[in-house]
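Data block below; observations after.
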Protein chains: 2
Amino acid sequence: MTKPMPELAGERAIMVAGVAMSADNCPVRDVMANVSSKWNSLILLMLGEGPKRFSVLRREIPDISQRMLTQALRDLQRDGYIHRTVFPTQPPSVEYKLTDIGQSFLNVMKQIVDWSVDHHDAIRVARANFDGKSG
Amino acid sequence: MTKPMPELAGERAIMVAGVAMSADNCPVRDVMANVSSKWNSLILLMLGEGPKRFSVLRREIPDISQRMLTQALRDLQRDGYIHRTVFPTQPPSVEYKLTDIGQSFLNVMKQIVDWSVDHHDAIRVARANFDGKSG
DNA sequence: CTGCATCCCCGCCGATACTG
DNA sequence: CAGTATCGGCGGGGATGCAG
């Protein structure tokens with residue numbers, strides 16, 4: 001991953017929700033690194049619509065740089081969330097699609113999306129309220 | 001937030017999973033900014049066990065710097081995830097606890113934790129496999 | 001005990017140019 | 001079209017010292 005999240009890679013185990021977040025056994029760290037990473041989640045959402053080529057993703061996510069898209073895709077592939085297929089055309093085209101794990105993860109992610117939509121107003125209110133008091 | 005996620009704050013709306021991720025109406029961005037932020041999610045998990053004082057959080061998350069803990073807590077408070085109570089003792093103590101929204105969000109987050117635990121092995125395998133081929 | 005300000009390093013990431 | 005390499009800024013975040 002791009003962000004190794006060194007914090008929990010230290011030594012002592014942090015117990016939270018009955019799960020040990022320790023050095024050599026921290027599942028959450030690995031996953032959260034993906035969720036955290038700026039673009040990964042958005043890419044997974046996009047691929048949730050179906051397999052897409054590099055250039056298509058690039059077009060659909062205008063703000064991402066080509067470099068970052070490449071990197072994010074490799075990270076996601078590395079962890080098994082997406083599968084990469086090269087078609088030996090001229091010029092070559094590369095298709096990315098969700099793996100089963102990626103699809104499974106996407107389902108969890110979608111819950112965050114739904115939650116976001118549901119609670120966005122409350123968050124905006126809280127934020128405005130907070131800024132009003134301290135600003 | 002610490003990370004404003006400028007990418008989606010641009011202009012055009014990106015439709016994903018039937019949700020518009022655009023400039024002035026991007027719920028997901030606000031929430032993801034929290035999830036993304038290095039420590040926020042862990043702090044919420046900690047507070048899921050009950051209200052905690054600043055120093056307790058600091059002790060339970062040894063890797064976080066005091067500066068970042070302060071900042072993360074303020075961010076979470078700002079968006080209404082946690083409530084901050086100052087007890088006028090000498091020396092003063094400050095207690096943080098989840099709001100209803102924070103608790104609600106935590107429930108979603110816990111699903112990520114569960115998912116992480118369930119699929120950690122698969123991810124490690126995929127990663128090792130990938131590194132073995134390319135390295 | 002909590003929190004703020006300052007300094008400063010390091011790594012993310014965008015821009016650009018180049019390969020197959 | 002897809003990906004790599006290099007340079008450079010800029011901001012995150014650690015260390016330290018100070019205040020209430």
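Chain lettering (A, B, ...) mirrors the order of the structure tokens, residue numbering begins at 1 for each chain separately, and ligand numbering begins at 1 in order of display.
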Set out as CSV a contact list for chain A and chain B with a cut-off of 8 Å, giving each residue of chain A that qualifies its closest atom pair and distance in Å to one decimal, counting only C-alpha atoms, ordered by chain and rising residue number.
residue,atom,partner,partner_atom,distance
A:Met5,CA,B:Lys38,CA,7.6
A:Glu7,CA,B:Asp63,CA,5.1
A:Leu8,CA,B:Asp63,CA,7.0
A:Gly10,CA,B:Asp63,CA,7.5
A:Ile14,CA,B:Glu60,CA,7.1
A:Val16,CA,B:Met46,CA,6.3
A:Ala17,CA,B:Leu45,CA,7.1
A:Pro27,CA,B:His120,CA,5.2
A:Val28,CA,B:Ser116,CA,5.3
A:Asp30,CA,B:Ser116,CA,7.8
A:Val31,CA,B:Ser116,CA,5.9
A:Met32,CA,B:Ser36,CA,7.9
A:Val35,CA,B:Ser36,CA,6.5
A:Ser36,CA,B:Ser36,CA,3.7
A:Ser37,CA,B:Ser36,CA,6.6
A:Lys38,CA,B:Ser36,CA,7.3
A:Leu45,CA,B:Val16,CA,6.5
A:Met46,CA,B:Val16,CA,6.4
A:Gly48,CA,B:Ala17,CA,8.0
A:Glu49,CA,B:Ala17,CA,7.6
A:Glu60,CA,B:Ile14,CA,7.2
A:Ile61,CA,B:Ile14,CA,7.5
A:Asp63,CA,B:Glu7,CA,5.2
A:Ile64,CA,B:Glu7,CA,7.1
A:Arg78,CA,B:Arg127,CA,5.2
A:Asp79,CA,B:Arg127,CA,5.0
A:Gly80,CA,B:Ala126,CA,5.2
A:Ile101,CA,B:His119,CA,7.9
A:Phe105,CA,B:Trp115,CA,7.5
A:Val108,CA,B:Ile112,CA,6.6
A:Met109,CA,B:Ile112,CA,8.0
A:Gln111,CA,B:Val108,CA,6.9
A:Ile112,CA,B:Val108,CA,6.6
A:Val113,CA,B:Val28,CA,5.8
A:Trp115,CA,B:Phe105,CA,7.5
A:Ser116,CA,B:Val28,CA,5.3
A:Val117,CA,B:Pro27,CA,5.4
A:His119,CA,B:Ile101,CA,7.9
A:His120,CA,B:Pro27,CA,5.1
A:Ala122,CA,B:Gly80,CA,7.9
A:Ile123,CA,B:Asp79,CA,5.2
A:Arg124,CA,B:Asp79,CA,7.2
A:Ala126,CA,B:Gly80,CA,5.2
A:Arg127,CA,B:Asp79,CA,5.0
A:Phe130,CA,B:Arg78,CA,5.5
A:Asp131,CA,B:Arg78,CA,7.5
Keeping only N, CA and C atoms, take the residues you just selected and write them out as a compact mmCIF listing (two decimals), in the first residue's frame.
# COMPACT_ATOMS: atom_id res chain seq x y z
N MET A 5 0.52 2.88 7.12
CA MET A 5 -0.07 3.06 8.45
C MET A 5 0.83 2.50 9.55
N GLU A 7 1.44 3.36 12.45
CA GLU A 7 1.04 3.52 13.85
C GLU A 7 0.75 2.21 14.57
N LEU A 8 0.00 1.37 13.91
CA LEU A 8 -0.38 0.13 14.57
C LEU A 8 0.61 -1.01 14.29
N GLY A 10 3.46 -0.99 15.32
CA GLY A 10 4.44 -0.90 16.40
C GLY A 10 4.69 -2.23 17.09
N ILE A 14 -3.44 -3.49 20.54
CA ILE A 14 -4.54 -2.67 20.99
C ILE A 14 -5.82 -3.46 20.81
N VAL A 16 -9.65 -3.69 20.52
CA VAL A 16 -10.79 -2.84 20.28
C VAL A 16 -11.90 -3.68 19.66
N ALA A 17 -13.05 -3.57 20.27
CA ALA A 17 -14.20 -4.35 19.81
C ALA A 17 -13.86 -5.84 19.77
N PRO A 27 -5.53 -7.14 10.80
CA PRO A 27 -6.35 -7.17 9.59
C PRO A 27 -6.90 -5.79 9.27
N VAL A 28 -7.32 -5.11 10.29
CA VAL A 28 -7.98 -3.83 10.09
C VAL A 28 -7.05 -2.83 9.42
N ASP A 30 -4.66 -3.33 7.29
CA ASP A 30 -4.54 -3.59 5.86
C ASP A 30 -5.75 -3.08 5.09
N VAL A 31 -6.90 -3.35 5.66
CA VAL A 31 -8.12 -2.94 4.96
C VAL A 31 -8.32 -1.43 5.03
N MET A 32 -8.12 -0.91 6.21
CA MET A 32 -8.32 0.52 6.37
C MET A 32 -7.38 1.32 5.48
N VAL A 35 -9.28 1.66 2.39
CA VAL A 35 -10.38 2.59 2.53
C VAL A 35 -9.86 4.02 2.63
N SER A 36 -8.79 4.14 3.39
CA SER A 36 -8.24 5.47 3.64
C SER A 36 -7.69 6.10 2.38
N SER A 37 -7.02 5.28 1.61
CA SER A 37 -6.32 5.82 0.47
C SER A 37 -7.28 6.62 -0.41
N LYS A 38 -6.81 7.77 -0.72
CA LYS A 38 -7.63 8.78 -1.40
C LYS A 38 -8.58 8.24 -2.47
N LEU A 45 -15.83 1.66 -6.37
CA LEU A 45 -17.22 2.00 -6.66
C LEU A 45 -17.45 2.04 -8.16
N MET A 46 -16.52 2.64 -8.86
CA MET A 46 -16.63 2.72 -10.31
C MET A 46 -16.65 1.32 -10.93
N GLY A 48 -17.56 -1.23 -9.63
CA GLY A 48 -18.78 -1.92 -9.23
C GLY A 48 -19.83 -1.89 -10.33
N GLU A 49 -19.69 -0.94 -11.24
CA GLU A 49 -20.62 -0.84 -12.36
C GLU A 49 -20.27 -1.82 -13.48
N GLU A 60 -13.62 8.93 -16.18
CA GLU A 60 -14.73 9.02 -15.22
C GLU A 60 -14.32 9.65 -13.89
N ILE A 61 -13.03 9.63 -13.63
CA ILE A 61 -12.52 10.28 -12.43
C ILE A 61 -11.56 11.36 -12.86
N ASP A 63 -10.42 14.05 -11.75
CA ASP A 63 -9.49 14.73 -10.85
C ASP A 63 -8.22 13.93 -10.59
N ILE A 64 -8.27 12.65 -10.85
CA ILE A 64 -7.09 11.84 -10.52
C ILE A 64 -6.04 11.99 -11.61
N ARG A 78 -2.83 -5.72 -6.08
CA ARG A 78 -1.92 -6.41 -5.17
C ARG A 78 -2.65 -7.08 -4.03
N ASP A 79 -3.62 -6.38 -3.50
CA ASP A 79 -4.36 -6.93 -2.36
C ASP A 79 -5.52 -7.81 -2.80
N GLY A 80 -5.66 -8.00 -4.09
CA GLY A 80 -6.65 -8.95 -4.56
C GLY A 80 -8.06 -8.41 -4.72
N ILE A 101 -13.54 -10.93 -3.89
CA ILE A 101 -13.22 -10.20 -2.66
C ILE A 101 -13.51 -8.72 -2.82
N PHE A 105 -16.03 -6.59 -0.66
CA PHE A 105 -15.63 -5.37 0.04
C PHE A 105 -16.48 -4.19 -0.39
N VAL A 108 -19.61 -3.74 1.55
CA VAL A 108 -19.42 -3.07 2.83
C VAL A 108 -19.27 -1.56 2.61
N MET A 109 -18.50 -1.23 1.61
CA MET A 109 -18.25 0.17 1.31
C MET A 109 -19.54 0.91 0.96
N GLN A 111 -22.31 0.54 2.13
CA GLN A 111 -23.04 0.90 3.35
C GLN A 111 -22.55 2.25 3.87
N ILE A 112 -21.28 2.48 3.69
CA ILE A 112 -20.75 3.79 4.08
C ILE A 112 -21.35 4.87 3.20
N VAL A 113 -21.45 4.56 1.92
CA VAL A 113 -22.04 5.52 1.00
C VAL A 113 -23.48 5.84 1.42
N TRP A 115 -24.84 5.42 4.32
CA TRP A 115 -24.84 6.14 5.60
C TRP A 115 -24.51 7.61 5.37
N SER A 116 -23.56 7.85 4.50
CA SER A 116 -23.17 9.23 4.22
C SER A 116 -24.35 10.04 3.72
N VAL A 117 -25.06 9.47 2.78
CA VAL A 117 -26.20 10.17 2.21
C VAL A 117 -27.24 10.45 3.30
N HIS A 119 -26.87 10.77 6.51
CA HIS A 119 -26.50 11.64 7.63
C HIS A 119 -25.78 12.90 7.22
N HIS A 120 -25.76 13.14 5.92
CA HIS A 120 -25.00 14.29 5.46
C HIS A 120 -25.52 15.60 6.05
N ALA A 122 -27.10 16.16 8.83
CA ALA A 122 -26.75 16.29 10.25
C ALA A 122 -25.31 16.73 10.42
N ILE A 123 -24.45 16.19 9.58
CA ILE A 123 -23.04 16.53 9.67
C ILE A 123 -22.82 17.99 9.28
N ARG A 124 -23.50 18.39 8.24
CA ARG A 124 -23.36 19.79 7.81
C ARG A 124 -23.83 20.74 8.89
N ALA A 126 -23.95 20.12 12.15
CA ALA A 126 -22.99 20.08 13.25
C ALA A 126 -21.77 20.93 12.93
N ARG A 127 -21.33 20.81 11.72
CA ARG A 127 -20.12 21.54 11.31
C ARG A 127 -20.36 23.05 11.33
N PHE A 130 -20.53 24.22 14.86
CA PHE A 130 -19.22 24.25 15.49
C PHE A 130 -18.42 25.46 15.01
N ASP A 131 -18.43 25.66 13.72
CA ASP A 131 -17.67 26.76 13.16
C ASP A 131 -18.24 28.10 13.61
Kindly assemble as a tab-separated table a list of the chain D residues that lie within 9 Å of chain B, each paired with its nearest atom pair and their distance in Å to one decimal, using only C-alpha atoms (C1' of nucleotides), sorted first by chain and then by ascending residue number.
residue	atom	partner	partner_atom	distance
D:DG12	C1'	B:Thr2	CA	8.7
D:DG13	C1'	B:Met68	CA	7.1
D:DG14	C1'	B:Ser65	CA	6.9
Using N, CA and C atoms (P, O5', C5', C4', C3', O3' and C1' of nucleotides), can you write the selected residues to a file as an mmCIF file, in the first residue's frame?
data_model
loop_
_atom_site.group_PDB
_atom_site.id
_atom_site.type_symbol
_atom_site.label_atom_id
_atom_site.label_comp_id
_atom_site.auth_asym_id
_atom_site.auth_seq_id
_atom_site.Cartn_x
_atom_site.Cartn_y
_atom_site.Cartn_z
ATOM 1 P P DG D 12 -2.604 18.929 5.459
ATOM 2 O "O5'" DG D 12 -2.289 17.507 6.117
ATOM 3 C "C5'" DG D 12 -2.101 16.374 5.261
ATOM 4 C "C4'" DG D 12 -1.120 15.410 5.889
ATOM 5 C "C3'" DG D 12 -1.388 15.069 7.349
ATOM 6 O "O3'" DG D 12 -1.078 13.706 7.549
ATOM 7 C "C1'" DG D 12 0.747 16.044 7.183
ATOM 8 P P DG D 13 -1.682 12.939 8.786
ATOM 9 O "O5'" DG D 13 -0.524 13.041 9.881
ATOM 10 C "C5'" DG D 13 0.730 12.439 9.616
ATOM 11 C "C4'" DG D 13 1.803 13.042 10.493
ATOM 12 C "C3'" DG D 13 1.430 13.132 11.997
ATOM 13 O "O3'" DG D 13 2.492 12.622 12.740
ATOM 14 C "C1'" DG D 13 2.361 15.108 11.267
ATOM 15 P P DG D 14 2.219 11.693 14.025
ATOM 16 O "O5'" DG D 14 3.670 11.579 14.705
ATOM 17 C "C5'" DG D 14 4.786 11.211 13.924
ATOM 18 C "C4'" DG D 14 6.021 11.980 14.353
ATOM 19 C "C3'" DG D 14 6.181 12.133 15.873
ATOM 20 O "O3'" DG D 14 7.532 11.850 16.242
ATOM 21 C "C1'" DG D 14 6.237 14.274 14.843
#
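Set the cut-off at 12 Å, count only C-alpha atoms (C1' of nucleotides), and the residues of chain B near chain C turn out to be Glu7, Arg53, Phe54, Ser55, Val56, Arg58, Gln66, Arg67, Met68, Leu69, Thr70, Gln71, Leu73, Arg74, Thr85, Val86, Phe87, Pro88, Thr89, Gln90, Pro91, Pro92, Ser93, Val94 and Glu95 of chain B.
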**Request:** Mind listing the strand (DSSP E or B) residues of chain A, per DSSP on the backbone, as a PyMOL selection string?
**Result:** chain A and resi 14-16+19-21+52-53+82-87+93-98
Those same residues - N, CA and C atoms - I'd like them written as a PDB file, in the first residue's frame.
ATOM      1  N   ILE A  14      -3.441  -3.491  20.536  1.00  0.00           N
ATOM      2  CA  ILE A  14      -4.541  -2.667  20.995  1.00  0.00           C
ATOM      3  C   ILE A  14      -5.823  -3.460  20.807  1.00  0.00           C
ATOM      4  N   MET A  15      -6.501  -3.682  21.891  1.00  0.00           N
ATOM      5  CA  MET A  15      -7.755  -4.424  21.797  1.00  0.00           C
ATOM      6  C   MET A  15      -8.914  -3.458  21.588  1.00  0.00           C
ATOM      7  N   VAL A  16      -9.647  -3.694  20.516  1.00  0.00           N
ATOM      8  CA  VAL A  16     -10.795  -2.836  20.280  1.00  0.00           C
ATOM      9  C   VAL A  16     -11.904  -3.677  19.663  1.00  0.00           C
ATOM     10  N   VAL A  19     -11.146  -7.176  19.011  1.00  0.00           N
ATOM     11  CA  VAL A  19     -10.188  -7.523  17.964  1.00  0.00           C
ATOM     12  C   VAL A  19      -8.810  -6.968  18.313  1.00  0.00           C
ATOM     13  N   ALA A  20      -7.825  -7.811  18.195  1.00  0.00           N
ATOM     14  CA  ALA A  20      -6.469  -7.367  18.492  1.00  0.00           C
ATOM     15  C   ALA A  20      -5.872  -6.632  17.300  1.00  0.00           C
ATOM     16  N   MET A  21      -5.501  -5.391  17.510  1.00  0.00           N
ATOM     17  CA  MET A  21      -4.866  -4.628  16.447  1.00  0.00           C
ATOM     18  C   MET A  21      -3.376  -4.544  16.774  1.00  0.00           C
ATOM     19  N   LYS A  52     -13.855  -2.074 -16.434  1.00  0.00           N
ATOM     20  CA  LYS A  52     -13.555  -0.842 -17.169  1.00  0.00           C
ATOM     21  C   LYS A  52     -12.090  -0.781 -17.545  1.00  0.00           C
ATOM     22  N   ARG A  53     -11.851  -0.118 -18.627  1.00  0.00           N
ATOM     23  CA  ARG A  53     -10.484   0.058 -19.080  1.00  0.00           C
ATOM     24  C   ARG A  53      -9.839   1.244 -18.385  1.00  0.00           C
ATOM     25  N   ILE A  82      -9.013  -6.309  -7.198  1.00  0.00           N
ATOM     26  CA  ILE A  82      -9.346  -6.214  -8.616  1.00  0.00           C
ATOM     27  C   ILE A  82      -8.437  -7.128  -9.449  1.00  0.00           C
ATOM     28  N   HIS A  83      -8.925  -7.448 -10.613  1.00  0.00           N
ATOM     29  CA  HIS A  83      -8.159  -8.294 -11.525  1.00  0.00           C
ATOM     30  C   HIS A  83      -7.794  -7.480 -12.760  1.00  0.00           C
ATOM     31  N   ARG A  84      -6.608  -7.704 -13.252  1.00  0.00           N
ATOM     32  CA  ARG A  84      -6.086  -6.925 -14.381  1.00  0.00           C
ATOM     33  C   ARG A  84      -5.895  -7.834 -15.587  1.00  0.00           C
ATOM     34  N   THR A  85      -6.530  -7.442 -16.693  1.00  0.00           N
ATOM     35  CA  THR A  85      -6.415  -8.234 -17.911  1.00  0.00           C
ATOM     36  C   THR A  85      -5.861  -7.376 -19.036  1.00  0.00           C
ATOM     37  N   VAL A  86      -4.785  -7.858 -19.639  1.00  0.00           N
ATOM     38  CA  VAL A  86      -4.172  -7.136 -20.753  1.00  0.00           C
ATOM     39  C   VAL A  86      -4.609  -7.762 -22.072  1.00  0.00           C
ATOM     40  N   PHE A  87      -5.199  -6.969 -22.926  1.00  0.00           N
ATOM     41  CA  PHE A  87      -5.558  -7.454 -24.264  1.00  0.00           C
ATOM     42  C   PHE A  87      -4.466  -7.041 -25.235  1.00  0.00           C
ATOM     43  N   SER A  93      -4.835  -2.619 -24.710  1.00  0.00           N
ATOM     44  CA  SER A  93      -5.822  -2.098 -23.767  1.00  0.00           C
ATOM     45  C   SER A  93      -5.828  -2.994 -22.540  1.00  0.00           C
ATOM     46  N   VAL A  94      -6.112  -2.393 -21.409  1.00  0.00           N
ATOM     47  CA  VAL A  94      -6.100  -3.129 -20.149  1.00  0.00           C
ATOM     48  C   VAL A  94      -7.433  -2.952 -19.459  1.00  0.00           C
ATOM     49  N   GLU A  95      -7.989  -4.068 -19.050  1.00  0.00           N
ATOM     50  CA  GLU A  95      -9.276  -4.006 -18.394  1.00  0.00           C
ATOM     51  C   GLU A  95      -9.147  -4.379 -16.923  1.00  0.00           C
ATOM     52  N   TYR A  96      -9.821  -3.622 -16.107  1.00  0.00           N
ATOM     53  CA  TYR A  96      -9.833  -3.917 -14.684  1.00  0.00           C
ATOM     54  C   TYR A  96     -11.240  -4.318 -14.264  1.00  0.00           C
ATOM     55  N   LYS A  97     -11.307  -5.318 -13.392  1.00  0.00           N
ATOM     56  CA  LYS A  97     -12.622  -5.687 -12.883  1.00  0.00           C
ATOM     57  C   LYS A  97     -12.501  -6.202 -11.454  1.00  0.00           C
ATOM     58  N   LEU A  98     -13.589  -6.113 -10.744  1.00  0.00           N
ATOM     59  CA  LEU A  98     -13.591  -6.547  -9.354  1.00  0.00           C
ATOM     60  C   LEU A  98     -13.399  -8.056  -9.248  1.00  0.00           C
TER      61      LEU A  98
END
